[in-house]
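To start, the structure itself, in structure tokens.
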Amino acid sequence: MIDVASLDTFPKLVKQVDADELLAEARAAVANLAKWVERHAGLGRRAREAGR
């Protein structure tokens with residue numbers, strides 16, 4: 001998931017007829033996933049700190 005959340009290029013989508021729309025959707029999805037990955041990482045950090 002971390003790898004997907006950091007994607008910034010989509011070479012296969014660029015080749016599609018509706019590339020502009022597909023790229024916008026892909027970028028929005030990756031941005032949303034990145035938010036969730038960061039939240040999850042933050043929860044893990046807090047849990048580790050609380051266990052110290």
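By order in the structure tokens, chains are A, B, ...; within a chain, residues start at 1; ligands start at 1, following the order shown.
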
Tell me which protein, DNA and RNA residues are within 10 Å of Thr9 (chain A), counting only C-alpha atoms, leaving out same-chain ones fewer than 6 positions away, and put them as a compact mmCIF listing (two decimals) with N, CA and C atoms, in the first residue's frame.
# COMPACT_ATOMS: atom_id res chain seq x y z
N LEU A 23 -6.23 10.07 -15.58
CA LEU A 23 -5.12 10.56 -14.76
C LEU A 23 -5.62 11.35 -13.56
N ALA A 26 -6.93 8.83 -11.07
CA ALA A 26 -5.83 8.09 -10.45
C ALA A 26 -5.11 8.96 -9.42
N ARG A 27 -4.85 10.19 -9.78
CA ARG A 27 -4.15 11.09 -8.84
C ARG A 27 -4.99 11.34 -7.59

Requested in this report: From a DSSP pass on the backbone, collect the residues of chain A flagged as helix (DSSP H, G or I) and hand them back as a VMD selection string.
Outcome: chain A and resid 2 to 5 11 to 14 19 to 50

Query raised in the report: So what do you get for CA of Ala34 (chain A) versus CA of Phe10 (chain A), distance-wise?
Result: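 Pair CA of Ala34 (chain A) / CA of Phe10 (chain A) returns 16.0 Å.
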
Requested in this report: Go ahead and compute the interatomic distance for CA of Val14 (chain A) and CA of Trp36 (chain A), in Å to one decimal.
Outcome: 25.9 Å

Requested in this report: Name the residues in contact with Met1 (chain A) at a cut-off of 12 Å, using only C-alpha atoms, excluding same-chain residues fewer than 4 positions from it; report them as a list of chain:residue names.
Outcome: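 Result of the neighbour search: A:Ala5, A:Ser6, A:Leu7, A:Val30, A:Asn32, A:Leu33, A:Ala34, A:Lys35, A:Trp36, A:Val37, A:Glu38, A:His40, A:Ala41.
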